[in-house]
>>> print(open('my_file07.cif').read())   # mmCIF, C-alpha atoms and all ligand atoms
data_target
#
loop_
_atom_site.label_atom_id
_atom_site.label_comp_id
_atom_site.auth_asym_id
_atom_site.auth_seq_id
_atom_site.Cartn_x
_atom_site.Cartn_y
_atom_site.Cartn_z
CA MET U 1355 33.93 96.38 -136.69
CA ASN U 1356 33.98 93.07 -134.77
CA VAL U 1357 31.99 93.35 -131.54
CA LEU U 1358 32.11 90.69 -128.84
CA VAL U 1359 28.61 90.61 -127.33
CA ILE U 1360 28.52 89.31 -123.77
CA ASN U 1361 25.35 88.23 -121.97
CA ALA U 1362 26.40 87.20 -118.47
CA GLY U 1363 23.94 85.32 -116.23
CA SER U 1364 24.52 84.27 -112.65
CA SER U 1365 26.03 80.91 -113.66
CA SER U 1366 26.25 81.25 -117.44
CA LEU U 1367 27.94 83.44 -119.99
CA LYS U 1368 26.64 83.61 -123.57
CA TYR U 1369 28.63 85.35 -126.28
CA GLN U 1370 28.70 86.13 -129.98
CA LEU U 1371 31.38 87.77 -132.07
CA ILE U 1372 29.54 89.85 -134.68
CA ASN U 1373 30.82 91.83 -137.63
CA VAL U 1374 28.48 94.82 -137.49
CA GLU U 1375 28.97 95.92 -141.10
CA THR U 1376 28.31 92.50 -142.68
CA HIS U 1377 25.97 91.19 -139.91
CA GLU U 1378 28.13 88.02 -139.94
CA VAL U 1379 28.18 86.05 -136.68
CA ARG U 1380 31.82 84.95 -136.61
CA ALA U 1381 31.54 82.84 -133.46
CA ARG U 1382 29.09 82.05 -130.73
CA GLY U 1383 28.96 79.96 -127.62
CA ILE U 1384 28.01 79.59 -124.00
CA CYS U 1385 29.79 78.79 -120.75
CA GLU U 1386 27.41 76.97 -118.44
CA LYS U 1387 27.41 76.10 -114.75
CA VAL U 1388 30.12 78.70 -114.12
CA GLY U 1389 31.18 78.40 -110.47
CA TYR U 1390 30.21 74.70 -110.28
CA GLU U 1391 32.42 71.60 -110.47
CA ASP U 1392 30.76 70.38 -113.68
CA SER U 1393 31.02 73.63 -115.66
CA PHE U 1394 31.40 73.30 -119.43
CA HIS U 1395 31.89 75.46 -122.51
CA LYS U 1396 30.13 75.06 -125.88
CA HIS U 1397 31.79 76.94 -128.72
CA GLY U 1398 30.86 77.08 -132.40
CA PHE U 1399 27.90 76.33 -134.65
CA GLY U 1400 25.94 73.18 -135.51
CA GLU U 1401 28.30 70.41 -136.66
CA ASN U 1402 31.32 72.47 -135.70
CA GLU U 1403 30.17 72.93 -132.13
CA VAL U 1404 32.73 71.70 -129.61
CA VAL U 1405 32.04 71.06 -125.96
CA ASN U 1406 34.92 71.50 -123.51
CA HIS U 1407 34.43 70.15 -120.02
CA VAL U 1408 36.60 72.68 -118.32
CA HIS U 1409 36.34 73.97 -114.79
CA MET U 1410 35.47 77.67 -114.64
CA ALA U 1411 35.36 78.86 -111.04
CA ASN U 1412 34.08 82.33 -111.93
CA HIS U 1413 33.30 84.71 -114.79
CA THR U 1414 36.96 85.74 -115.12
CA GLU U 1415 37.87 82.14 -115.90
CA ALA U 1416 34.89 81.85 -118.26
CA ILE U 1417 35.97 84.94 -120.22
CA HIS U 1418 39.52 83.55 -120.36
CA GLN U 1419 38.18 80.31 -121.81
CA VAL U 1420 36.09 82.23 -124.38
CA LEU U 1421 39.00 84.42 -125.48
CA VAL U 1422 41.30 81.40 -125.88
CA CYS U 1423 38.72 79.61 -128.08
CA LEU U 1424 38.05 82.75 -130.13
CA THR U 1425 41.71 83.25 -130.95
CA SER U 1426 43.24 79.76 -131.10
CA GLY U 1427 42.53 76.13 -131.92
CA PRO U 1428 40.60 74.59 -134.82
CA ASN U 1429 37.46 76.72 -134.29
CA LYS U 1430 39.13 80.06 -133.80
CA ALA U 1431 37.29 83.06 -135.25
CA VAL U 1432 40.12 85.60 -135.35
CA ASP U 1433 43.92 85.50 -135.12
CA SER U 1434 44.31 87.62 -132.04
CA LEU U 1435 42.48 89.84 -129.58
CA ASP U 1436 43.46 92.81 -131.77
CA ALA U 1437 40.76 91.70 -134.22
CA ILE U 1438 38.09 92.23 -131.55
CA ASP U 1439 37.31 95.94 -131.76
CA ALA U 1440 34.91 96.37 -128.87
CA VAL U 1441 32.76 94.57 -126.31
CA GLY U 1442 29.02 95.10 -125.85
CA HIS U 1443 27.45 93.94 -122.58
CA ARG U 1444 23.79 93.17 -121.99
CA ILE U 1445 22.71 94.78 -118.71
CA VAL U 1446 19.24 93.97 -117.40
CA GLN U 1447 18.66 96.91 -115.09
CA GLY U 1448 19.67 100.48 -115.93
CA GLY U 1449 17.13 102.03 -113.55
CA SER U 1450 16.26 105.66 -114.22
CA TYR U 1451 19.91 106.45 -114.94
CA PHE U 1452 20.12 105.11 -118.46
CA ASP U 1453 17.73 105.75 -121.35
CA HIS U 1454 20.26 104.70 -123.99
CA SER U 1455 23.41 102.62 -124.35
CA VAL U 1456 26.64 104.12 -123.02
CA ARG U 1457 30.37 103.57 -123.06
CA ILE U 1458 31.46 101.92 -119.82
CA ASN U 1459 33.57 103.98 -117.42
CA ASP U 1460 33.94 104.11 -113.62
CA ASP U 1461 30.75 106.13 -113.19
CA VAL U 1462 28.70 103.67 -115.28
CA ILE U 1463 30.11 100.73 -113.31
CA GLU U 1464 29.20 102.46 -110.05
CA LYS U 1465 25.61 103.02 -111.20
CA ILE U 1466 25.18 99.44 -112.46
CA SER U 1467 26.51 98.30 -109.10
CA GLU U 1468 24.12 100.60 -107.24
CA LEU U 1469 21.22 99.11 -109.23
CA THR U 1470 22.17 95.56 -108.25
CA GLU U 1471 19.55 95.70 -105.51
CA LEU U 1472 16.83 95.86 -108.20
CA ALA U 1473 18.26 92.93 -110.23
CA PRO U 1474 20.60 91.04 -107.91
CA LEU U 1475 21.37 88.05 -110.11
CA HIS U 1476 21.49 89.86 -113.43
CA ASN U 1477 23.36 93.08 -112.67
CA GLY U 1478 25.80 91.28 -110.38
CA ALA U 1479 26.68 88.82 -113.17
CA ALA U 1480 27.00 91.61 -115.74
CA LEU U 1481 29.47 93.41 -113.48
CA MET U 1482 31.55 90.24 -113.22
CA GLY U 1483 31.52 90.00 -117.04
CA ILE U 1484 32.60 93.64 -117.40
CA GLU U 1485 35.41 93.27 -114.87
CA ALA U 1486 36.62 90.05 -116.49
CA CYS U 1487 36.78 91.71 -119.93
CA MET U 1488 38.51 94.79 -118.55
CA SER U 1489 41.20 92.76 -116.86
CA GLN U 1490 41.84 90.50 -119.87
CA MET U 1491 41.45 93.08 -122.64
CA PRO U 1492 42.65 96.27 -120.98
CA GLY U 1493 41.86 99.42 -122.94
CA LYS U 1494 39.32 97.71 -125.22
CA PRO U 1495 36.21 99.93 -125.55
CA GLU U 1496 33.22 98.45 -123.75
CA VAL U 1497 29.58 99.49 -124.04
CA ALA U 1498 26.61 98.80 -121.75
CA VAL U 1499 23.27 98.09 -123.44
CA PHE U 1500 20.38 98.17 -120.97
CA ASP U 1501 17.23 96.03 -121.22
CA SER U 1502 15.30 98.70 -119.36
CA ALA U 1503 16.48 101.75 -121.36
CA PHE U 1504 13.83 101.48 -124.09
CA PHE U 1505 11.09 101.85 -121.49
CA GLN U 1506 12.37 105.06 -119.93
CA THR U 1507 9.84 106.88 -122.16
CA LEU U 1508 6.84 105.41 -120.27
CA PRO U 1509 4.62 108.10 -118.73
CA PRO U 1510 4.26 108.12 -114.90
CA THR U 1511 0.68 106.83 -115.21
CA ALA U 1512 2.18 103.63 -116.64
CA TYR U 1513 5.28 103.32 -114.46
CA ILE U 1514 4.12 104.32 -110.97
CA TYR U 1515 2.57 101.51 -108.90
CA PRO U 1516 -0.51 102.38 -106.83
CA ILE U 1517 1.19 101.86 -103.48
CA PRO U 1518 2.16 104.73 -101.12
CA TYR U 1519 4.11 107.22 -103.23
CA GLU U 1520 6.86 107.40 -100.60
CA TYR U 1521 8.16 103.98 -101.75
CA TYR U 1522 8.75 105.33 -105.22
CA GLU U 1523 10.67 108.23 -103.70
CA LYS U 1524 12.50 106.16 -101.10
CA TYR U 1525 13.36 103.01 -103.06
CA GLN U 1526 12.62 103.96 -106.71
CA ILE U 1527 9.99 101.21 -106.83
CA ARG U 1528 8.42 101.66 -110.28
CA ARG U 1529 7.92 99.82 -113.57
CA TYR U 1530 11.24 99.59 -115.43
CA GLY U 1531 10.39 96.84 -117.92
CA ALA U 1532 12.77 94.28 -119.41
CA HIS U 1533 13.48 92.65 -122.82
CA GLY U 1534 13.72 96.23 -124.13
CA THR U 1535 16.49 95.36 -126.58
CA SER U 1536 14.27 92.70 -128.14
CA HIS U 1537 11.18 94.95 -128.31
CA ARG U 1538 13.24 97.75 -129.87
CA TYR U 1539 14.82 95.39 -132.43
CA VAL U 1540 11.53 93.84 -133.60
CA ALA U 1541 9.83 97.25 -133.75
CA ILE U 1542 12.61 98.59 -136.00
CA GLN U 1543 12.46 95.48 -138.21
CA ALA U 1544 8.64 95.63 -138.34
CA ALA U 1545 8.77 99.22 -139.57
CA LYS U 1546 11.18 98.17 -142.34
CA PHE U 1547 8.90 95.23 -143.21
CA LEU U 1548 5.85 97.50 -143.38
CA GLY U 1549 7.79 100.10 -145.39
CA LYS U 1550 6.91 102.96 -143.02
CA PRO U 1551 8.93 105.03 -140.54
CA LEU U 1552 8.63 103.68 -136.99
CA GLU U 1553 7.48 107.18 -135.94
CA GLU U 1554 4.31 106.71 -138.01
CA LEU U 1555 3.31 103.36 -136.52
CA GLN U 1556 1.45 102.08 -133.49
CA LEU U 1557 2.80 98.65 -132.58
CA ILE U 1558 2.12 95.98 -130.00
CA THR U 1559 5.21 93.82 -129.58
CA CYS U 1560 4.95 90.39 -127.96
CA HIS U 1561 8.13 88.66 -126.76
CA LEU U 1562 6.82 85.19 -125.95
CA GLY U 1563 9.50 82.72 -124.91
CA ASN U 1564 10.41 81.26 -121.58
CA GLY U 1565 10.35 84.84 -120.32
CA CYS U 1566 7.40 86.80 -121.72
CA SER U 1567 6.70 90.49 -122.06
CA MET U 1568 4.60 92.76 -124.24
CA SER U 1569 4.82 96.44 -124.98
CA ALA U 1570 2.85 99.24 -126.59
CA ILE U 1571 4.98 101.38 -128.91
CA ASP U 1572 3.18 104.53 -130.00
CA HIS U 1573 4.83 106.35 -132.92
CA GLY U 1574 8.24 104.94 -132.02
CA VAL U 1575 7.91 105.65 -128.29
CA ALA U 1576 7.36 102.89 -125.72
CA VAL U 1577 4.28 103.92 -123.70
CA ASP U 1578 3.64 100.77 -121.67
CA THR U 1579 5.16 97.37 -121.01
CA SER U 1580 4.17 94.33 -119.01
CA MET U 1581 7.33 93.62 -116.98
CA GLY U 1582 7.70 95.81 -113.94
CA LEU U 1583 10.12 96.53 -111.14
CA THR U 1584 11.47 93.07 -111.96
CA PRO U 1585 10.90 90.61 -114.83
CA LEU U 1586 8.28 88.82 -112.68
CA ASP U 1587 5.38 91.16 -113.52
CA GLY U 1588 2.97 90.87 -116.43
CA LEU U 1589 2.33 87.78 -118.52
CA MET U 1590 2.35 84.16 -117.44
CA MET U 1591 5.76 82.69 -118.41
CA GLY U 1592 7.73 79.42 -118.42
CA THR U 1593 8.37 79.34 -114.68
CA ARG U 1594 7.23 82.83 -113.60
CA CYS U 1595 3.67 83.56 -112.57
CA GLY U 1596 3.42 87.11 -113.94
CA ALA U 1597 0.82 89.40 -112.37
CA ILE U 1598 -1.28 87.71 -109.69
CA ASP U 1599 -3.46 88.98 -106.86
CA PRO U 1600 -0.80 90.35 -104.46
CA ALA U 1601 -2.78 88.97 -101.49
CA ILE U 1602 -1.83 85.45 -102.66
CA VAL U 1603 1.75 86.17 -101.63
CA THR U 1604 1.06 86.70 -97.94
CA PHE U 1605 -1.60 83.96 -97.94
CA ILE U 1606 0.85 81.28 -99.15
CA GLU U 1607 3.67 82.62 -96.95
CA ASP U 1608 1.39 82.29 -93.91
CA HIS U 1609 -0.18 78.94 -94.73
CA GLU U 1610 3.00 77.23 -95.99
CA ASP U 1611 5.32 78.95 -93.52
CA LEU U 1612 7.48 80.27 -96.35
CA SER U 1613 10.10 82.99 -96.05
CA PRO U 1614 9.86 85.94 -98.49
CA GLN U 1615 12.86 84.46 -100.34
CA ALA U 1616 11.18 81.05 -100.67
CA MET U 1617 8.00 82.74 -101.91
CA ASN U 1618 10.06 84.69 -104.41
CA ASP U 1619 11.55 81.40 -105.67
CA LEU U 1620 8.09 79.87 -105.91
CA MET U 1621 6.85 82.72 -108.11
CA ASN U 1622 10.01 82.92 -110.24
CA LYS U 1623 10.99 79.29 -110.64
CA LYS U 1624 8.02 77.02 -109.87
CA SER U 1625 5.05 78.81 -111.39
CA GLY U 1626 3.90 79.65 -114.93
CA LEU U 1627 3.73 76.80 -117.46
CA LEU U 1628 5.71 74.55 -115.11
CA GLY U 1629 3.51 75.24 -112.11
CA ILE U 1630 0.26 74.64 -113.98
CA SER U 1631 1.29 71.65 -116.13
CA GLY U 1632 3.48 69.99 -113.49
CA ILE U 1633 5.48 68.70 -116.48
CA SER U 1634 7.88 71.30 -117.79
CA ASN U 1635 8.45 74.97 -118.52
CA ASP U 1636 9.16 74.09 -122.16
CA MET U 1637 6.25 74.77 -124.50
CA ARG U 1638 7.19 71.93 -126.86
CA SER U 1639 6.91 69.31 -124.10
CA ILE U 1640 3.68 70.83 -122.82
CA ASP U 1641 2.18 71.01 -126.29
CA GLU U 1642 2.98 67.33 -126.84
CA ALA U 1643 1.45 66.39 -123.50
CA ALA U 1644 -1.64 68.50 -124.26
CA GLN U 1645 -2.08 66.75 -127.61
CA ALA U 1646 -1.77 63.41 -125.84
CA GLY U 1647 -4.72 64.41 -123.66
CA ASN U 1648 -3.05 65.78 -120.53
CA GLU U 1649 -5.59 68.24 -119.15
CA ARG U 1650 -3.25 70.34 -117.07
CA ALA U 1651 -0.89 70.73 -120.01
CA HIS U 1652 -3.89 71.83 -122.06
CA LEU U 1653 -4.89 74.33 -119.37
CA ALA U 1654 -1.30 75.68 -119.22
CA CYS U 1655 -1.31 76.33 -123.01
CA ASP U 1656 -4.71 77.99 -122.86
CA MET U 1657 -3.69 80.20 -119.93
CA TYR U 1658 -0.41 81.24 -121.59
CA ALA U 1659 -2.29 82.35 -124.73
CA TYR U 1660 -5.11 83.98 -122.75
CA SER U 1661 -2.59 86.05 -120.82
CA ALA U 1662 -1.16 87.44 -124.10
CA LYS U 1663 -4.65 88.01 -125.53
CA LYS U 1664 -5.60 90.17 -122.52
CA TYR U 1665 -2.54 92.39 -122.99
CA ILE U 1666 -3.43 92.90 -126.66
CA GLY U 1667 -6.76 94.27 -125.45
CA GLN U 1668 -5.04 96.53 -122.91
CA TYR U 1669 -2.59 97.97 -125.39
CA LEU U 1670 -5.22 98.51 -128.09
CA ALA U 1671 -7.06 100.60 -125.50
CA VAL U 1672 -3.88 102.38 -124.37
CA MET U 1673 -3.02 103.51 -127.92
CA GLY U 1674 -6.57 103.70 -129.31
CA GLY U 1675 -5.69 101.06 -131.92
CA ALA U 1676 -2.66 99.52 -133.55
CA ASP U 1677 -1.21 99.13 -137.04
CA ALA U 1678 0.47 95.83 -136.28
CA ILE U 1679 1.05 93.19 -133.65
CA ILE U 1680 4.52 91.64 -133.70
CA LEU U 1681 5.33 88.18 -132.35
CA THR U 1682 8.83 87.12 -131.41
CA ALA U 1683 10.97 84.74 -129.25
CA GLY U 1684 10.76 80.94 -129.01
CA VAL U 1685 7.00 80.55 -128.72
CA GLY U 1686 5.98 83.69 -130.64
CA GLU U 1687 8.17 82.72 -133.59
CA ASN U 1688 7.49 78.99 -133.63
CA SER U 1689 4.22 77.93 -132.06
CA ALA U 1690 1.35 78.13 -134.58
CA SER U 1691 -1.05 76.62 -132.04
CA ILE U 1692 -0.38 79.28 -129.38
CA ARG U 1693 -0.66 82.04 -132.00
CA GLU U 1694 -4.00 80.59 -133.09
CA LYS U 1695 -5.27 80.61 -129.51
CA ILE U 1696 -4.09 84.20 -128.96
CA PHE U 1697 -5.83 85.59 -132.05
CA SER U 1698 -9.02 83.53 -132.00
CA GLY U 1699 -12.13 85.68 -131.69
CA LEU U 1700 -10.37 88.99 -132.35
CA ASP U 1701 -11.92 89.48 -135.84
CA THR U 1702 -14.42 92.00 -134.49
CA LEU U 1703 -11.45 94.13 -133.37
CA GLY U 1704 -10.10 94.09 -136.93
CA ILE U 1705 -7.44 91.47 -136.13
CA GLU U 1706 -7.63 88.45 -138.46
CA LEU U 1707 -5.07 85.67 -138.39
CA ASP U 1708 -4.62 83.78 -141.69
CA LEU U 1709 -4.72 80.16 -140.53
CA GLU U 1710 -2.69 78.89 -143.50
CA LEU U 1711 0.02 81.56 -143.29
CA ASN U 1712 0.15 80.91 -139.56
CA GLN U 1713 1.39 77.37 -140.27
CA ALA U 1714 4.24 78.54 -142.52
CA ARG U 1715 7.79 78.63 -141.18
CA GLY U 1716 10.62 81.01 -141.96
CA GLY U 1717 12.02 84.37 -141.01
CA GLU U 1718 10.23 87.72 -140.99
CA ARG U 1719 6.70 87.17 -142.28
CA GLU U 1720 3.11 88.38 -142.22
CA ILE U 1721 0.47 85.99 -140.91
CA SER U 1722 -2.69 88.13 -141.03
CA THR U 1723 -5.31 88.01 -143.79
CA PRO U 1724 -5.24 90.72 -146.48
CA HIS U 1725 -8.43 92.19 -144.89
CA SER U 1726 -7.05 92.43 -141.38
CA GLN U 1727 -7.00 96.08 -140.27
CA VAL U 1728 -4.27 95.27 -137.77
CA ARG U 1729 -1.45 93.38 -139.43
CA ILE U 1730 0.16 90.46 -137.61
CA LEU U 1731 3.89 89.88 -138.16
CA VAL U 1732 6.37 87.29 -136.97
CA ILE U 1733 9.81 88.88 -136.56
CA PRO U 1734 12.61 86.68 -135.16
CA THR U 1735 14.37 88.62 -132.43
CA ASN U 1736 18.10 89.27 -132.47
CA GLU U 1737 19.14 90.94 -129.24
CA GLU U 1738 22.81 90.17 -129.86
CA TYR U 1739 22.80 92.02 -133.17
CA MET U 1740 21.06 94.99 -131.54
CA ILE U 1741 23.74 95.06 -128.80
CA ALA U 1742 26.54 94.88 -131.38
CA HIS U 1743 24.90 97.64 -133.40
CA ASP U 1744 24.42 99.87 -130.36
CA THR U 1745 28.06 99.31 -129.41
CA TYR U 1746 29.09 100.46 -132.88
CA ASP U 1747 26.78 103.51 -132.73
CA VAL U 1748 27.93 104.56 -129.25
CA LEU U 1749 31.61 104.32 -130.16
CA LYS U 1750 31.08 106.10 -133.47
CA ALA U 1751 29.21 108.93 -131.80
CA ASN U 1752 31.65 108.89 -128.87
CA ILE U 1753 28.70 109.07 -126.43
P1 LIG L 1801 14.19 82.54 -123.42
O1 LIG L 1801 15.15 83.28 -124.30
O2 LIG L 1801 13.20 83.40 -122.70
O3 LIG L 1801 14.82 81.52 -122.51
P2 LIG L 1801 13.19 81.44 -125.90
O4 LIG L 1801 12.85 82.68 -126.60
O5 LIG L 1801 14.37 80.65 -126.37
O6 LIG L 1801 13.27 81.66 -124.34
O7 LIG L 1801 11.90 80.50 -125.94
C1 LIG L 1801 11.90 79.26 -125.33
C2 LIG L 1801 10.49 78.69 -125.47
O8 LIG L 1801 10.16 78.59 -126.87
C3 LIG L 1801 10.36 77.30 -124.89
O9 LIG L 1801 9.15 77.19 -124.17
C4 LIG L 1801 10.32 76.43 -126.14
O10 LIG L 1801 9.59 75.24 -125.93
C5 LIG L 1801 9.58 77.33 -127.10
N1 LIG L 1801 9.77 76.86 -128.48
C6 LIG L 1801 10.90 76.84 -129.20
N2 LIG L 1801 10.67 76.26 -130.42
C7 LIG L 1801 9.35 75.91 -130.44
C8 LIG L 1801 8.50 75.27 -131.38
N3 LIG L 1801 8.95 74.87 -132.57
N4 LIG L 1801 7.20 75.09 -131.05
C9 LIG L 1801 6.72 75.48 -129.84
N5 LIG L 1801 7.48 76.09 -128.91
C10 LIG L 1801 8.78 76.29 -129.19
#
>>> encode(input="my_file07.cif", output="structure tokens")
Amino acid sequence: MNVLVINAGSSSLKYQLINVETHEVRARGICEKVGYEDSFHKHGFGENEVVNHVHMANHTEAIHQVLVCLTSGPNKAVDSLDAIDAVGHRIVQGGSYFDHSVRINDDVIEKISELTELAPLHNGAALMGIEACMSQMPGKPEVAVFDSAFFQTLPPTAYIYPIPYEYYEKYQIRRYGAHGTSHRYVAIQAAKFLGKPLEELQLITCHLGNGCSMSAIDHGVAVDTSMGLTPLDGLMMGTRCGAIDPAIVTFIEDHEDLSPQAMNDLMNKKSGLLGISGISNDMRSIDEAAQAGNERAHLACDMYAYSAKKYIGQYLAVMGGADAIILTAGVGENSASIREKIFSGLDTLGIELDLELNQARGGEREISTPHSQVRILVIPTNEEYMIAHDTYDVLKANI
């Protein structure tokens, strides 16, 4: 089965065409700056990547561009749209409605639309992607895969915020979590790597990229996660501050005369690694600057690692231990120096990083010492594959 995986952002649209049985990625690409004059479309891999500077006024035009490139021209992946069996959409916010992936119908669209208030940019874009696919591939089965679904198993002690309870009842303000597709994928892969059923393992999964989140997965069930009502909560990230003293919000709004929207932008787009280093939100640039002696870049790296270290402590306490800690995403998979900072001094907790293995590169691998009671694994994430696989499962089971 060939599944077209769509990940629609407010001004971008990423896609992959994946053969679920063979795991082969038959095509991939991204439409960027959708809705702007200078929009462009990258399609293909490595040397075969082509960039088309084509105006795409909206997601409908972006999907049209994608479908044309998938089915015609020198880099086509299939002969016609008939060879695309289904479409899987990444949806950030499924609220309390969805605890698993579902086939898209009018009711599902209505609920995703209703939840737009909780994730305005993300759910709004996903809806545009769904509508564009429906209009250009009428009748093609489409499946919604929710980032929040994996965390619907959290107990109320973990998902209710300690504010007046009426706001949970009135507005459904609670922890929903995000990156669930990534956490679920790496947990499944980690269980295979360790040769044990997921239901017998206690795992701490760390998705450390530009966006960062961690979760505690107790015998296959997510029991806590760091992202909250929105993806702003939890760890320090590339441009997001993560959890801070909430009183800072009103303090800065008052002293800088900022509107709530401007404050929201400050916390989402100007904080984190970028806000501290003043250089970039990209770990590679910050790491280089830190090595060249830039003190704020150094502080940003230390804070990013410290934030992850603290969550390891929390989740060890939440589960009463762990069998393994899994690292994934851009920084988790690639930055030996951040991993070293995160795990330094944890030997007394039975967590021992092997400094040599930590330097090695590659795919799924173990980087703890043979004596470490808690094993440390690097598992490259693959959210697109998980979405394609879910799409296949949902259609097979006719859920
Ligand atoms: P997201 O999907 O959240 O946008 P990614 O998972 O792609 O983010 O991670 C992006 C981050 O990973 C960036 O900060 C980037 O600098 C970092 N990164 C990627 N490769 C490396 C590397 N080799 N060393 C250090 N950091 C890296």
>>> residues_near_ligand(input="my_file07.cif", ligand="ligand LIG 1801 (chain L)", cutoff="10 Å", atoms="all atoms listed in the file", output="PDB file with C-alpha atoms, keeping the file's coordinate frame")
ATOM      1  CA  HIS U1533      13.480  92.650-122.820  1.00  0.00           C
ATOM      2  CA  HIS U1561       8.130  88.660-126.760  1.00  0.00           C
ATOM      3  CA  LEU U1562       6.820  85.190-125.950  1.00  0.00           C
ATOM      4  CA  GLY U1563       9.500  82.720-124.910  1.00  0.00           C
ATOM      5  CA  ASN U1564      10.410  81.260-121.580  1.00  0.00           C
ATOM      6  CA  GLY U1565      10.350  84.840-120.320  1.00  0.00           C
ATOM      7  CA  CYS U1566       7.400  86.800-121.720  1.00  0.00           C
ATOM      8  CA  SER U1567       6.700  90.490-122.060  1.00  0.00           C
ATOM      9  CA  MET U1591       5.760  82.690-118.410  1.00  0.00           C
ATOM     10  CA  GLY U1592       7.730  79.420-118.420  1.00  0.00           C
ATOM     11  CA  THR U1593       8.370  79.340-114.680  1.00  0.00           C
ATOM     12  CA  LEU U1627       3.730  76.800-117.460  1.00  0.00           C
ATOM     13  CA  SER U1634       7.880  71.300-117.790  1.00  0.00           C
ATOM     14  CA  ASN U1635       8.450  74.970-118.520  1.00  0.00           C
ATOM     15  CA  ASP U1636       9.160  74.090-122.160  1.00  0.00           C
ATOM     16  CA  MET U1637       6.250  74.770-124.500  1.00  0.00           C
ATOM     17  CA  ARG U1638       7.190  71.930-126.860  1.00  0.00           C
ATOM     18  CA  SER U1639       6.910  69.310-124.100  1.00  0.00           C
ATOM     19  CA  ILE U1640       3.680  70.830-122.820  1.00  0.00           C
ATOM     20  CA  ASP U1641       2.180  71.010-126.290  1.00  0.00           C
ATOM     21  CA  GLU U1642       2.980  67.330-126.840  1.00  0.00           C
ATOM     22  CA  THR U1682       8.830  87.120-131.410  1.00  0.00           C
ATOM     23  CA  ALA U1683      10.970  84.740-129.250  1.00  0.00           C
ATOM     24  CA  GLY U1684      10.760  80.940-129.010  1.00  0.00           C
ATOM     25  CA  VAL U1685       7.000  80.550-128.720  1.00  0.00           C
ATOM     26  CA  GLY U1686       5.980  83.690-130.640  1.00  0.00           C
ATOM     27  CA  GLU U1687       8.170  82.720-133.590  1.00  0.00           C
ATOM     28  CA  ASN U1688       7.490  78.990-133.630  1.00  0.00           C
ATOM     29  CA  SER U1689       4.220  77.930-132.060  1.00  0.00           C
ATOM     30  CA  ALA U1690       1.350  78.130-134.580  1.00  0.00           C
ATOM     31  CA  SER U1691      -1.050  76.620-132.040  1.00  0.00           C
ATOM     32  CA  ILE U1692      -0.380  79.280-129.380  1.00  0.00           C
ATOM     33  CA  ARG U1715       7.790  78.630-141.180  1.00  0.00           C
ATOM     34  CA  PRO U1734      12.610  86.680-135.160  1.00  0.00           C
ATOM     35  CA  THR U1735      14.370  88.620-132.430  1.00  0.00           C
ATOM     36  CA  GLU U1737      19.140  90.940-129.240  1.00  0.00           C
TER      37      GLU U1737
END
>>> residues_around(input="my_file07.cif", residues="Ser1365 (chain U)", least_positions_apart="3", cutoff="10 Å", atoms="only C-alpha atoms", output="number ranges by chain")
U: 1362, 1385-1390, 1393, 1411-1413, 1475, 1479
>>> closest_residue(input="my_file07.cif", among="U:Asn1618, U:Thr1414, U:Thr1723, U:Asn1648", to="Ile1630 (chain U)", atoms="only C-alpha atoms")
U:Asn1648
>>> closest_residue(input="my_file07.cif", among="U:Ala1532, U:Ala1654, U:Ile1598, U:Ala1646", to="Ile1445 (chain U)", atoms="all atoms listed in the file")
U:Ala1532
>>> residues_around(input="my_file07.cif", residues="region 1569-1576 of chain U", least_positions_apart="4", cutoff="7 Å", atoms="only C-alpha atoms", output="list of chain:residue names")
U:Phe1504, U:Phe1505, U:Thr1507, U:Leu1508, U:Leu1552, U:Glu1553, U:Glu1554, U:Leu1555, U:Gln1556, U:Leu1557, U:Ile1558, U:Thr1559, U:Cys1560, U:Ser1580, U:Tyr1669, U:Met1673
>>> residues_near_point(input="my_file07.cif", point="(-9.8, 84.7, -128.0)", cutoff="6 Å", atoms="only C-alpha atoms", output="list in words")
Ile1696, Phe1697, Ser1698 and Gly1699 of chain U
>>> residues_around(input="my_file07.cif", residues="region 1516-1528 of chain U", least_positions_apart="2", cutoff="7 Å", atoms="only C-alpha atoms", output="list in words")
Tyr1513, Ile1514, Tyr1530, Gly1582 and Leu1583 of chain U
>>> closest_residue(input="my_file07.cif", among="U:Met1581, U:Ala1597, U:Met1410, U:Leu1358", to="Glu1496 (chain U)", atoms="only C-alpha atoms")
U:Leu1358
>>> atom_distance(input="my_file07.cif", atom1="CA of Phe1500 (chain U)", atom2="CA of Gly1448 (chain U)")
5.6 Å
>>> closest_atom_pairs(input="my_file07.cif", of="region 1364-1385 of chain U", to="region 1397-1409 of chain U", cutoff="7 Å", atoms="all atoms listed in the file", output="JSON lines")
{"residue": "U:Ala1381", "atom": "CA", "partner": "U:Gly1398", "partner_atom": "CA", "distance": 5.9}
{"residue": "U:Arg1382", "atom": "CA", "partner": "U:Gly1398", "partner_atom": "CA", "distance": 5.5}
{"residue": "U:Gly1383", "atom": "CA", "partner": "U:His1397", "partner_atom": "CA", "distance": 4.3}
{"residue": "U:Ile1384", "atom": "CA", "partner": "U:His1397", "partner_atom": "CA", "distance": 6.6}
>>> closest_residue(input="my_file07.cif", among="U:Gln1713, U:Asn1373, U:Asn1477, U:Gln1668", to="Gly1588 (chain U)", atoms="all atoms listed in the file")
U:Gln1668
>>> closest_residue(input="my_file07.cif", among="U:Glu1415, U:Arg1444, U:Ser1489, U:Asp1501", to="Gly1363 (chain U)", atoms="only C-alpha atoms")
U:Arg1444
>>> atom_distance(input="my_file07.cif", atom1="CA of Lys1430 (chain U)", atom2="CA of Arg1380 (chain U)")
9.2 Å
>>> atom_distance(input="my_file07.cif", atom1="CA of Gln1419 (chain U)", atom2="CA of Tyr1739 (chain U)")
22.4 Å
